[in-house]
$ cat target-v8.tsv   # TSV, C-alpha atoms and all ligand atoms
chain	number	residue	atom	x	y	z
A	102	MET	CA	-8.23	80.35	17.40
A	103	ILE	CA	-9.86	78.77	14.34
A	104	LYS	CA	-13.49	79.79	13.76
A	105	ILE	CA	-15.84	76.86	13.15
A	106	ASP	CA	-19.60	77.50	13.20
A	107	SER	CA	-20.64	74.10	14.55
A	108	LEU	CA	-17.91	74.26	17.20
A	109	GLU	CA	-19.42	77.55	18.42
A	110	LYS	CA	-22.73	75.73	18.99
A	111	PHE	CA	-20.96	73.01	20.96
A	112	LEU	CA	-19.10	75.59	23.09
A	113	ASN	CA	-22.37	77.36	23.83
A	114	VAL	CA	-23.75	74.12	25.27
A	115	ILE	CA	-20.64	73.68	27.43
A	116	ASN	CA	-20.84	77.30	28.53
A	117	ASP	CA	-24.48	76.81	29.59
A	118	VAL	CA	-23.62	73.88	31.87
A	119	ASN	CA	-20.32	75.25	33.11
A	120	SER	CA	-21.54	76.32	36.55
A	121	ASP	CA	-23.25	72.94	37.10
A	122	VAL	CA	-19.95	71.27	36.26
A	123	LEU	CA	-17.98	73.52	38.58
A	124	TYR	CA	-20.31	72.70	41.48
A	125	ASN	CA	-20.21	68.96	40.65
A	126	ARG	CA	-23.92	68.89	39.90
A	127	ILE	CA	-23.27	67.13	36.59
A	128	ASP	CA	-20.42	65.12	35.09
A	129	ILE	CA	-18.86	66.99	32.19
A	130	ILE	CA	-18.04	63.71	30.44
A	131	ASP	CA	-21.75	63.05	29.79
A	132	VAL	CA	-22.16	66.51	28.31
A	133	LEU	CA	-19.07	66.18	26.11
A	134	TYR	CA	-20.04	62.68	24.98
A	135	ASN	CA	-23.63	63.62	24.16
A	136	ASN	CA	-22.83	66.87	22.37
A	137	ILE	CA	-19.57	66.29	20.49
A	138	ASP	CA	-21.67	65.29	17.45
A	139	LEU	CA	-22.77	68.95	17.19
A	140	ILE	CA	-19.31	69.60	15.71
A	141	LYS	CA	-19.62	68.80	12.02
A	142	SER	CA	-17.05	66.41	10.57
A	143	LYS	CA	-16.89	68.21	7.24
A	144	GLU	CA	-15.81	71.42	9.00
A	145	ILE	CA	-13.05	69.53	10.81
A	146	LEU	CA	-11.91	67.98	7.53
A	147	GLN	CA	-11.75	71.47	6.02
A	148	VAL	CA	-9.60	72.76	8.90
A	149	VAL	CA	-7.22	69.80	8.52
A	150	LYS	CA	-6.92	70.51	4.78
A	151	GLU	CA	-5.96	74.11	5.52
A	152	ASN	CA	-3.35	73.24	8.17
A	153	HIS	CA	-0.58	71.23	6.59
A	154	THR	CA	2.48	70.02	8.44
A	155	THR	CA	5.66	68.64	6.96
A	156	ASP	CA	6.71	66.28	9.77
A	157	LYS	CA	4.68	63.12	9.22
A	158	SER	CA	6.48	61.07	11.90
A	159	ILE	CA	4.48	62.66	14.72
A	160	TYR	CA	0.70	63.01	14.79
A	161	GLN	CA	-0.43	66.59	14.22
A	162	ARG	CA	-2.42	68.40	16.89
A	163	ILE	CA	-4.47	71.35	15.64
A	164	GLU	CA	-5.86	73.52	18.45
A	165	LEU	CA	-9.45	74.57	17.69
A	166	ASN	CA	-10.36	76.06	21.07
A	167	ASN	CA	-8.77	76.42	24.46
A	168	ASN	CA	-11.14	78.49	26.52
A	169	PHE	CA	-12.74	76.45	29.31
A	170	CYS	CA	-12.29	73.17	27.47
A	171	SER	CA	-9.63	72.16	24.96
A	172	VAL	CA	-10.68	71.09	21.49
A	173	TYR	CA	-8.16	69.58	19.09
A	174	ALA	CA	-8.26	67.96	15.68
A	175	MET	CA	-5.55	65.34	15.42
A	176	VAL	CA	-4.13	63.98	12.21
A	177	TRP	CA	-2.65	60.49	12.35
A	178	PHE	CA	-0.43	60.02	9.32
A	179	PRO	CA	-0.19	56.53	7.75
A	180	GLY	CA	1.03	54.07	10.39
A	181	VAL	CA	1.54	56.83	12.97
A	182	GLY	CA	0.39	56.56	16.58
A	183	SER	CA	0.86	58.28	19.91
A	184	ALA	CA	3.19	57.02	22.60
A	185	ILE	CA	1.48	55.28	25.52
A	186	HIS	CA	0.63	58.23	27.76
A	187	GLU	CA	-1.23	59.08	30.92
A	188	HIS	CA	-4.07	61.55	31.46
A	189	LYS	CA	-2.87	63.10	34.64
A	190	ASN	CA	-5.52	65.64	35.56
A	191	PHE	CA	-7.97	65.91	32.72
A	192	LYS	CA	-10.57	63.78	31.00
A	193	GLY	CA	-12.24	63.94	27.64
A	194	VAL	CA	-13.96	62.42	24.65
A	195	VAL	CA	-12.44	61.36	21.33
A	196	LYS	CA	-14.43	60.90	18.13
A	197	VAL	CA	-13.15	59.40	14.89
A	198	ILE	CA	-13.74	61.76	11.96
A	199	HIS	CA	-11.90	59.82	9.28
A	200	GLY	CA	-10.19	56.43	9.03
A	201	GLU	CA	-9.78	53.67	11.60
A	202	LEU	CA	-7.61	53.59	14.72
A	203	THR	CA	-6.75	51.17	17.50
A	204	GLU	CA	-6.74	52.27	21.12
A	205	ARG	CA	-4.76	50.15	23.59
A	206	ASN	CA	-5.42	50.52	27.32
A	207	PHE	CA	-2.92	49.85	30.10
A	208	ASN	CA	-2.86	49.64	33.89
A	209	GLU	CA	-0.07	50.82	36.11
A	210	LYS	CA	0.49	48.91	39.34
A	211	GLU	CA	3.53	49.17	41.59
A	212	GLY	CA	5.54	50.86	38.85
A	213	GLN	CA	4.74	48.22	36.23
A	214	LEU	CA	2.60	48.65	33.15
A	215	THR	CA	0.26	45.87	32.07
A	216	PHE	CA	-1.78	45.61	28.88
A	217	VAL	CA	-5.56	45.62	29.52
A	218	ASN	CA	-7.33	45.56	26.14
A	219	LYS	CA	-7.53	47.08	22.70
A	220	VAL	CA	-10.44	48.67	20.92
A	221	ILE	CA	-10.88	49.25	17.17
A	222	LEU	CA	-12.43	52.66	16.47
A	223	ASN	CA	-14.22	53.43	13.22
A	224	VAL	CA	-15.65	56.65	11.76
A	225	GLY	CA	-18.26	58.19	14.04
A	226	GLU	CA	-17.28	56.13	17.07
A	227	LYS	CA	-16.53	57.87	20.36
A	228	VAL	CA	-14.41	56.87	23.31
A	229	ILE	CA	-14.03	58.41	26.76
A	230	GLU	CA	-10.56	59.21	28.06
A	231	LYS	CA	-10.79	58.95	31.84
A	232	LYS	CA	-8.74	60.90	34.33
A	233	TYR	CA	-5.53	58.97	35.14
A	234	SER	CA	-6.07	56.55	32.25
A	235	ILE	CA	-3.05	55.23	30.34
A	236	HIS	CA	-3.44	54.42	26.65
A	237	ASP	CA	-2.27	54.98	23.10
A	238	PHE	CA	-3.78	55.38	19.64
A	239	ILE	CA	-2.47	54.16	16.30
A	240	ASN	CA	-3.72	54.72	12.79
A	241	ASN	CA	-4.52	51.27	11.39
A	242	SER	CA	-3.80	52.33	7.80
A	243	ASN	CA	-0.32	52.45	6.29
A	244	THR	CA	-1.54	54.41	3.27
A	245	GLU	CA	-4.13	56.92	4.51
A	246	SER	CA	-4.25	59.46	7.33
A	247	ALA	CA	-6.85	59.15	10.09
A	248	ILE	CA	-8.44	62.17	11.78
A	249	THR	CA	-9.87	62.44	15.28
A	250	LEU	CA	-11.60	65.15	17.27
A	251	HIS	CA	-10.68	65.54	20.97
A	252	VAL	CA	-12.40	67.53	23.70
A	253	TYR	CA	-10.76	67.78	27.15
A	254	TYR	CA	-11.93	69.26	30.41
A	255	PRO	CA	-10.55	71.13	32.20
A	256	ARG	CA	-8.56	72.75	29.44
A	257	THR	CA	-5.09	71.39	28.92
A	258	LEU	CA	-2.65	74.24	28.64
A	259	ASN	CA	0.25	71.99	27.66
A	260	LEU	CA	1.70	68.53	28.20
A	261	GLU	CA	4.20	69.55	30.89
A	262	GLY	CA	4.90	66.68	33.30
A	263	THR	CA	2.98	64.13	31.22
A	264	ARG	CA	4.60	60.70	31.30
A	265	ILE	CA	4.94	58.65	28.12
A	266	PHE	CA	5.85	54.97	28.24
A	267	ASN	CA	7.82	52.62	26.04
A	268	PHE	CA	6.25	49.28	26.95
A	269	GLU	CA	8.89	47.14	25.18
A	270	ASP	CA	12.03	48.91	26.41
A	271	LYS	CA	10.50	49.77	29.83
A	272	LYS	CA	11.30	53.45	29.55
A	273	ILE	CA	9.40	56.50	30.76
A	274	GLY	CA	9.78	59.98	29.30
A	275	ILE	CA	8.57	63.12	31.05
A	276	LEU	CA	7.48	65.85	28.67
A	277	LYS	CA	8.21	69.55	28.85
A	278	SER	CA	5.60	72.23	28.19
A	279	SER	CA	7.06	72.69	24.68
A	280	ALA	CA	5.97	69.16	23.63
A	281	LYS	CA	3.09	69.30	21.17
A	282	ALA	CA	2.40	65.55	21.12
A	283	THR	CA	2.83	62.42	23.20
A	284	SER	CA	5.44	60.81	20.96
A	285	TRP	CA	8.87	59.21	21.24
A	286	ASN	CA	9.73	60.91	17.93
A	287	LEU	CA	9.89	64.33	19.59
A	288	ALA	CA	13.29	66.05	19.66
A	289	ALA	CA	15.27	65.54	22.90
A	290	GLU	CA	14.72	69.18	23.91
A	291	HIS	CA	11.01	68.42	24.58
A	292	PHE	CA	11.81	65.87	27.32
A	293	GLU	CA	12.39	66.81	30.94
A	294	ARG	CA	14.01	63.41	31.41
A	295	ILE	CA	13.91	59.79	30.27
A	296	TYR	CA	14.48	56.86	32.64
A	297	SER	CA	14.02	53.09	32.91
A	298	TYR	CA	11.29	51.55	35.04
B	301	FE	FE	-4.97	60.25	25.50

$ encode --input "target-v8.tsv" --output "structure tokens" --more "lines below"
Ligand SMILES: [Fe+2]
Amino acid sequence: MIKIDSLEKFLNVINDVNSDVLYNRIDIIDVLYNNIDLIKSKEILQVVKENHTTDKSIYQRIELNNNFCSVYAMVWFPGVGSAIHEHKNFKGVVKVIHGELTERNFNEKEGQLTFVNKVILNVGEKVIEKKYSIHDFINNSNTESAITLHVYYPRTLNLEGTRIFNFEDKKIGILKSSAKATSWNLAAEHFERIYSY
């Protein structure tokens, strides 16, 4: 696990409210949303600098903590986005640390996916990822990387069973636990199966 001072402060807050969350006395989303700013952007930028990856066709997910919530820094290389994906059994908050991204939201009804809206996200802006939501992110720049900070609750051990969608070709891919990103650029070995819908 990567040690980040300001992240420790944030985790202490989450730890303090953990029993209230477990007994449904408070909604964790409010706590995550209101406290994610405790994590300092410059420390995240430093971590990203120190964790290079060579494959720039898939966004990079850097795990910062995975105790009772999952904290990731994600690097969106120029023009790179996620696949459309679902949030099966976890929810969270995303904050833009660097650059500008677009989030597109979708609805699934009777096996069909429909586009709902898109949101432009700038530095410092936060968005909630609801349980069962279906969406994607794309870096709006073709020249510069964008960086986001993600906090999920409960912790997400891996992406096993997560569905990703290809809206144009009407295909669904089901990821294996080895998948490190929701992306169609993953090697075939990271898919449980791919089928048409
Ligand atoms: Fe997501």

$ residues_around --input "target-v8.tsv" --residues "segment 193-200 of chain A" --least-positions-apart "2" --cutoff "8 Å" --atoms "only C-alpha atoms" --output "PyMOL selection string"
chain A and resi 130+133-134+137+142+145-146+191+202+222-231+240+242+245-254

$ write_last_selection --input "target-v8.tsv" --atoms "C-alpha atoms" --output "mmCIF file, in the coordinates of the input"
data_model
loop_
_atom_site.group_PDB
_atom_site.id
_atom_site.type_symbol
_atom_site.label_atom_id
_atom_site.label_comp_id
_atom_site.auth_asym_id
_atom_site.auth_seq_id
_atom_site.Cartn_x
_atom_site.Cartn_y
_atom_site.Cartn_z
ATOM 1 C CA ILE A 130 -18.040 63.710 30.440
ATOM 2 C CA LEU A 133 -19.070 66.180 26.110
ATOM 3 C CA TYR A 134 -20.040 62.680 24.980
ATOM 4 C CA ILE A 137 -19.570 66.290 20.490
ATOM 5 C CA SER A 142 -17.050 66.410 10.570
ATOM 6 C CA ILE A 145 -13.050 69.530 10.810
ATOM 7 C CA LEU A 146 -11.910 67.980 7.530
ATOM 8 C CA PHE A 191 -7.970 65.910 32.720
ATOM 9 C CA LEU A 202 -7.610 53.590 14.720
ATOM 10 C CA LEU A 222 -12.430 52.660 16.470
ATOM 11 C CA ASN A 223 -14.220 53.430 13.220
ATOM 12 C CA VAL A 224 -15.650 56.650 11.760
ATOM 13 C CA GLY A 225 -18.260 58.190 14.040
ATOM 14 C CA GLU A 226 -17.280 56.130 17.070
ATOM 15 C CA LYS A 227 -16.530 57.870 20.360
ATOM 16 C CA VAL A 228 -14.410 56.870 23.310
ATOM 17 C CA ILE A 229 -14.030 58.410 26.760
ATOM 18 C CA GLU A 230 -10.560 59.210 28.060
ATOM 19 C CA LYS A 231 -10.790 58.950 31.840
ATOM 20 C CA ASN A 240 -3.720 54.720 12.790
ATOM 21 C CA SER A 242 -3.800 52.330 7.800
ATOM 22 C CA GLU A 245 -4.130 56.920 4.510
ATOM 23 C CA SER A 246 -4.250 59.460 7.330
ATOM 24 C CA ALA A 247 -6.850 59.150 10.090
ATOM 25 C CA ILE A 248 -8.440 62.170 11.780
ATOM 26 C CA THR A 249 -9.870 62.440 15.280
ATOM 27 C CA LEU A 250 -11.600 65.150 17.270
ATOM 28 C CA HIS A 251 -10.680 65.540 20.970
ATOM 29 C CA VAL A 252 -12.400 67.530 23.700
ATOM 30 C CA TYR A 253 -10.760 67.780 27.150
ATOM 31 C CA TYR A 254 -11.930 69.260 30.410
#

$ closest_residue --input "target-v8.tsv" --among "A:Lys272, A:Lys232, A:His186, A:Arg294" --to "ligand FE 301 (chain B)" --atoms "all atoms listed in the file"
A:His186

$ residues_around --input "target-v8.tsv" --residues "Tyr160 of chain A" --least-positions-apart "3" --cutoff "10 Å" --atoms "all atoms listed in the file" --output "ChimeraX atom specification"
/A:154,156-157,163,175-183,239-240,246-248,281-284,286

$ residues_near_ligand --input "target-v8.tsv" --ligand "ligand FE 301 (chain B)" --cutoff "8 Å" --atoms "only C-alpha atoms and all ligand atoms" --output "ChimeraX atom specification"
/A:186-188,230,234-238

$ atom_distance --input "target-v8.tsv" --atom1 "atom CA of Arg205 of chain A" --atom2 "atom CA of Val122 of chain A"
28.9 Å

$ closest_residue --input "target-v8.tsv" --among "A:Ala289, A:Ile273, A:Ile295, A:Leu258" --to "Asn166 of chain A" --atoms "only C-alpha atoms"
A:Leu258

$ axis_aligned_box --input "target-v8.tsv" --around "segment 162-169 of chain A" --padding-each-side "5 Å" --output "lines of an AutoDock Vina configuration file"
center_x = -7.6
center_y = 73.4
center_z = 22.5
size_x = 20.3
size_y = 20.1
size_z = 23.7

$ closest_residue --input "target-v8.tsv" --among "A:Val114, A:Cys170, A:Ile275, A:Ala280" --to "Asn259 of chain A" --atoms "all atoms listed in the file"
A:Ala280

$ residues_around --input "target-v8.tsv" --residues "Glu269 of chain A" --least-positions-apart "3" --cutoff "12 Å" --atoms "all atoms listed in the file" --output "PyMOL selection string"
chain A and resi 184-185+213-216+266+272-273+297-298
